[in-house]
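K.L.:
Please find one structure pasted underneath; my questions will follow.
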Amino acid sequence: MVLEITKGEKKYGEQSLFQDFSCRLDFMKHSIYRIEGESGKGKTSLMRILSSLEHLDGGELSIVMGEAARGGNGLRSSWMFQENRLLEKLSAMENLSLIPSSYTASEKIYFFEQLLFGEDFEKRVSEYSGGMKRRLSFLRAMLPDFDILLLDEPFTGVDEENQLKMERFLLEHLGKRAMVFASHEEPLLWKNYGRIRL
Ligand SMILES: Nc1ncnc2c1ncn2[C@@H]1O[C@H](COP(=O)(O)OP(=O)(O)OP(=O)(O)O)[C@@H](O)[C@H]1O
């Protein structure tokens with residue numbers, strides 16, 4: 001799969017985020033791409049554009065699906081947003097059950113234990129710590145049948161040991177699919193990624 005922006009332009013009202021911006025994400029070269037740029041440069045906006053949640057104001061986004069993309073015409077994306085967007089009154093497992101997924105309930109429990117070992121998946125999410133919510137939000141994003149996964153600041157509030165667990169989990173489960181992330185924290189295991197600089 002290749003995602004390419006040619007002469008892209010994005011603005012919000014009077015504010016111009018970028019102009020004449022081109023980039024190419026060739027997932028045959030790198031299955032992982034990192035979006036880089038200082039705070040407020042437009043990393044989240046670019047990721048939203050790449051997954052068609054938002055549109056360019058000028059220029060073009062082209063999506064060439066490869067054999068790794070198994071969906072119909074559209075690009076199936078799964079997101080871990082900067083905010084957790086979990087249903088706080090529901091339990092962790094209820095949050096995970098709401099996501100259409102080909103994984104079974106016992107596989108979800110197994111994954112939960114890999115990322116949140118020793119925690120109670122029947123407990124309300126509102127009783128979880130910030131780092132636990134982040135890991136749960138990450139696991140939820142890993143569950144659907146996606147072509148591309150977008151992780152926006154996945155490690156916020158996560159300590160190094162748990163960051164390692166998340167990175168290892170992703171490497172074990174991404175397969176031939178594509179992933180794009182933005183992070184202020186340095187990845188510990190994801191090394192050979194492509195870079196898009198804003
Ligand atoms: N929906 C929107 N409406 C208006 N302005 C927006 C909108 N989304 C983003 N912006 C503005 O666009 C700029 C870039 O925001 P964006 O979240 O894409 O940056 P970022 O590089 O991801 O930042 P950070 O590293 O702080 O998360 C900011 O000035 C932000 O206020």
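Following the order of the structure tokens, chains are lettered A, B, ..., residues in each are numbered from 1, and ligands are numbered from 1.
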Report as a VMD selection string which protein, DNA and RNA residues come within 6 Å of ligand 1, using only C-alpha atoms and all ligand atoms.

P.N.:
chain A and resid 12 39 to 45

K.L.:
Go ahead and write the selection's residues with C-alpha atoms as a PDB file, in the first residue's frame.

P.N.:
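The new file again.pdb reads:
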```pdb
ATOM      1  CA  TYR A  12      -8.233  25.966   9.661  1.00  0.00           C
ATOM      2  CA  SER A  39       3.978  20.588  18.929  1.00  0.00           C
ATOM      3  CA  GLY A  40       1.208  22.276  16.937  1.00  0.00           C
ATOM      4  CA  LYS A  41       2.863  21.637  13.553  1.00  0.00           C
ATOM      5  CA  GLY A  42      -0.020  19.445  12.447  1.00  0.00           C
ATOM      6  CA  LYS A  43       0.946  15.833  13.153  1.00  0.00           C
ATOM      7  CA  THR A  44      -2.550  14.832  14.280  1.00  0.00           C
ATOM      8  CA  SER A  45      -4.111  16.710  11.379  1.00  0.00           C
TER       9      SER A  45
END
```

K.L.:
List the neighbours of Phe181 of chain A out to 10 Å using only C-alpha atoms; skip same-chain residues closer than 2 positions along the sequence, and give me the result as a PyMOL selection string.

P.N.:
chain A and resi 32-36+43-44+47+79-80+149-154+179+183+193+195

K.L.:
Can you spit out the residues from that selection as an mmCIF file, in the first residue's frame, using N, CA and C atoms?

P.N.:
```
data_model
loop_
_atom_site.group_PDB
_atom_site.id
_atom_site.type_symbol
_atom_site.label_atom_id
_atom_site.label_comp_id
_atom_site.auth_asym_id
_atom_site.auth_seq_id
_atom_site.Cartn_x
_atom_site.Cartn_y
_atom_site.Cartn_z
ATOM 1 N N ILE A 32 6.073 0.679 9.210
ATOM 2 C CA ILE A 32 5.777 1.710 10.207
ATOM 3 C C ILE A 32 6.320 3.060 9.734
ATOM 4 N N TYR A 33 5.503 4.108 9.871
ATOM 5 C CA TYR A 33 5.965 5.482 9.602
ATOM 6 C C TYR A 33 5.726 6.335 10.834
ATOM 7 N N ARG A 34 6.682 7.246 11.074
ATOM 8 C CA ARG A 34 6.536 8.191 12.176
ATOM 9 C C ARG A 34 6.347 9.592 11.609
ATOM 10 N N ILE A 35 5.346 10.311 12.135
ATOM 11 C CA ILE A 35 5.136 11.704 11.737
ATOM 12 C C ILE A 35 5.873 12.566 12.753
ATOM 13 N N GLU A 36 6.785 13.401 12.275
ATOM 14 C CA GLU A 36 7.614 14.200 13.180
ATOM 15 C C GLU A 36 7.346 15.690 12.978
ATOM 16 N N LYS A 43 0.763 17.286 13.256
ATOM 17 C CA LYS A 43 0.946 15.833 13.153
ATOM 18 C C LYS A 43 -0.404 15.098 13.199
ATOM 19 N N THR A 44 -1.233 15.482 14.182
ATOM 20 C CA THR A 44 -2.550 14.832 14.280
ATOM 21 C C THR A 44 -3.358 15.116 13.020
ATOM 22 N N MET A 47 -2.244 12.933 10.197
ATOM 23 C CA MET A 47 -2.698 11.542 10.363
ATOM 24 C C MET A 47 -4.185 11.422 10.045
ATOM 25 N N TRP A 79 -7.897 3.660 14.980
ATOM 26 C CA TRP A 79 -7.246 4.799 15.637
ATOM 27 C C TRP A 79 -7.069 4.618 17.125
ATOM 28 N N MET A 80 -5.926 5.025 17.609
ATOM 29 C CA MET A 80 -5.756 5.305 19.034
ATOM 30 C C MET A 80 -5.549 6.816 19.086
ATOM 31 N N LEU A 149 -3.199 1.277 10.997
ATOM 32 C CA LEU A 149 -3.393 1.636 12.403
ATOM 33 C C LEU A 149 -2.737 2.989 12.630
ATOM 34 N N LEU A 150 -3.447 3.882 13.324
ATOM 35 C CA LEU A 150 -2.889 5.214 13.590
ATOM 36 C C LEU A 150 -2.802 5.407 15.096
ATOM 37 N N LEU A 151 -1.605 5.657 15.586
ATOM 38 C CA LEU A 151 -1.379 5.807 17.025
ATOM 39 C C LEU A 151 -0.889 7.225 17.287
ATOM 40 N N ASP A 152 -1.721 7.994 18.009
ATOM 41 C CA ASP A 152 -1.377 9.385 18.283
ATOM 42 C C ASP A 152 -0.916 9.495 19.736
ATOM 43 N N GLU A 153 0.363 9.724 19.927
ATOM 44 C CA GLU A 153 0.974 9.799 21.268
ATOM 45 C C GLU A 153 0.585 8.579 22.121
ATOM 46 N N PRO A 154 0.943 7.386 21.640
ATOM 47 C CA PRO A 154 0.489 6.180 22.350
ATOM 48 C C PRO A 154 1.081 6.014 23.751
ATOM 49 N N MET A 179 1.239 0.874 9.826
ATOM 50 C CA MET A 179 1.035 1.652 11.053
ATOM 51 C C MET A 179 1.708 3.009 10.904
ATOM 52 N N SER A 183 4.810 10.553 18.191
ATOM 53 C CA SER A 183 5.133 10.374 19.607
ATOM 54 C C SER A 183 6.236 11.326 20.036
ATOM 55 N N TYR A 193 11.757 2.561 11.164
ATOM 56 C CA TYR A 193 10.540 3.136 10.595
ATOM 57 C C TYR A 193 10.879 4.238 9.600
ATOM 58 N N ARG A 195 10.217 8.066 8.073
ATOM 59 C CA ARG A 195 9.947 9.336 8.759
ATOM 60 C C ARG A 195 9.293 10.326 7.804
#
```

K.L.:
Need the shell around Met132 of chain A: protein/DNA/RNA residues with any atom at most 12 Å away, counting only C-alpha atoms. Skip same-chain ones fewer than 6 positions apart. Format as a PyMOL selection string?

P.N.:
chain A and resi 84+86+92+112-113+115-121+123-126+138-139+154-159+162-163+166

K.L.:
Neighbours of segment 60-62 of chain A within 12 Å (only C-alpha atoms; same-chain residues fewer than 3 positions away dropped), as a PyMOL selection string?

P.N.:
chain A and resi 1-10+19-26+46-52+54-57+65+75

K.L.:
Which of segment 4-119 of chain A end up as strand (DSSP E or B) when DSSP is run on this backbone - answer as an MDAnalysis selection string?

P.N.:
chainID A and resid 4:12 15:26 32:36 58:64 77:80 91

K.L.:
Next, write the just-selected residues to a file, as a PDB file, in the first residue's frame, keeping C-alpha atoms as the atom set.

P.N.:
```
ATOM      1  CA  GLU A   4       0.899   9.855  -1.121  1.00  0.00           C
ATOM      2  CA  ILE A   5       0.164  13.538  -0.661  1.00  0.00           C
ATOM      3  CA  THR A   6       1.056  15.810  -3.545  1.00  0.00           C
ATOM      4  CA  LYS A   7       1.220  19.574  -3.062  1.00  0.00           C
ATOM      5  CA  GLY A   8      -1.052  19.272  -0.033  1.00  0.00           C
ATOM      6  CA  GLU A   9      -2.564  22.280   1.663  1.00  0.00           C
ATOM      7  CA  LYS A  10      -4.401  22.365   4.991  1.00  0.00           C
ATOM      8  CA  LYS A  11      -5.853  25.333   6.798  1.00  0.00           C
ATOM      9  CA  TYR A  12      -8.233  25.966   9.661  1.00  0.00           C
ATOM     10  CA  GLN A  15      -4.500  29.536  10.017  1.00  0.00           C
ATOM     11  CA  SER A  16      -2.437  27.772   7.374  1.00  0.00           C
ATOM     12  CA  LEU A  17      -1.036  24.500   8.680  1.00  0.00           C
ATOM     13  CA  PHE A  18       0.916  23.547   5.565  1.00  0.00           C
ATOM     14  CA  GLN A  19       1.145  24.461   1.925  1.00  0.00           C
ATOM     15  CA  ASP A  20       2.796  22.720  -1.005  1.00  0.00           C
ATOM     16  CA  PHE A  21       3.459  19.727   1.248  1.00  0.00           C
ATOM     17  CA  SER A  22       4.279  16.391  -0.344  1.00  0.00           C
ATOM     18  CA  CYS A  23       5.031  13.056   1.263  1.00  0.00           C
ATOM     19  CA  ARG A  24       4.975   9.414   0.329  1.00  0.00           C
ATOM     20  CA  LEU A  25       4.377   6.528   2.728  1.00  0.00           C
ATOM     21  CA  ASP A  26       5.369   3.350   0.940  1.00  0.00           C
ATOM     22  CA  ILE A  32       5.777   1.710  10.207  1.00  0.00           C
ATOM     23  CA  TYR A  33       5.965   5.482   9.602  1.00  0.00           C
ATOM     24  CA  ARG A  34       6.536   8.191  12.176  1.00  0.00           C
ATOM     25  CA  ILE A  35       5.136  11.704  11.737  1.00  0.00           C
ATOM     26  CA  GLU A  36       7.614  14.200  13.180  1.00  0.00           C
ATOM     27  CA  GLY A  58      -5.652  21.768  -1.795  1.00  0.00           C
ATOM     28  CA  GLY A  59      -3.466  19.179  -3.486  1.00  0.00           C
ATOM     29  CA  GLU A  60      -4.174  15.493  -3.570  1.00  0.00           C
ATOM     30  CA  LEU A  61      -4.119  12.378  -1.428  1.00  0.00           C
ATOM     31  CA  SER A  62      -3.717   9.178  -3.370  1.00  0.00           C
ATOM     32  CA  ILE A  63      -4.221   5.770  -1.832  1.00  0.00           C
ATOM     33  CA  VAL A  64      -2.890   2.763  -3.682  1.00  0.00           C
ATOM     34  CA  SER A  77      -8.295   2.438   9.581  1.00  0.00           C
ATOM     35  CA  SER A  78      -8.143   1.932  13.311  1.00  0.00           C
ATOM     36  CA  TRP A  79      -7.246   4.799  15.637  1.00  0.00           C
ATOM     37  CA  MET A  80      -5.756   5.305  19.034  1.00  0.00           C
ATOM     38  CA  SER A  91     -15.533  -2.380  32.430  1.00  0.00           C
TER      39      SER A  91
END
```

K.L.:
Could you please determine the separation between atom CA of Gly74 of chain A and atom CA of Leu174 of chain A in Å, to one decimal place?

P.N.:
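Between atom CA of Gly74 of chain A and atom CA of Leu174 of chain A the gap is 19.1 Å.
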
K.L.:
Run DSSP on the backbone of this structure and report the residues of chain A it assigns to alpha helix (DSSP H), as an MDAnalysis selection string.

P.N.:
chainID A and resid 43:50 92:97 105:115 130:142 160:173

K.L.:
Would you work out the distance separating atom CA of Arg177 of chain A from atom CA of Asn95 of chain A, expressed in Å to one decimal?

P.N.:
23.6 Å
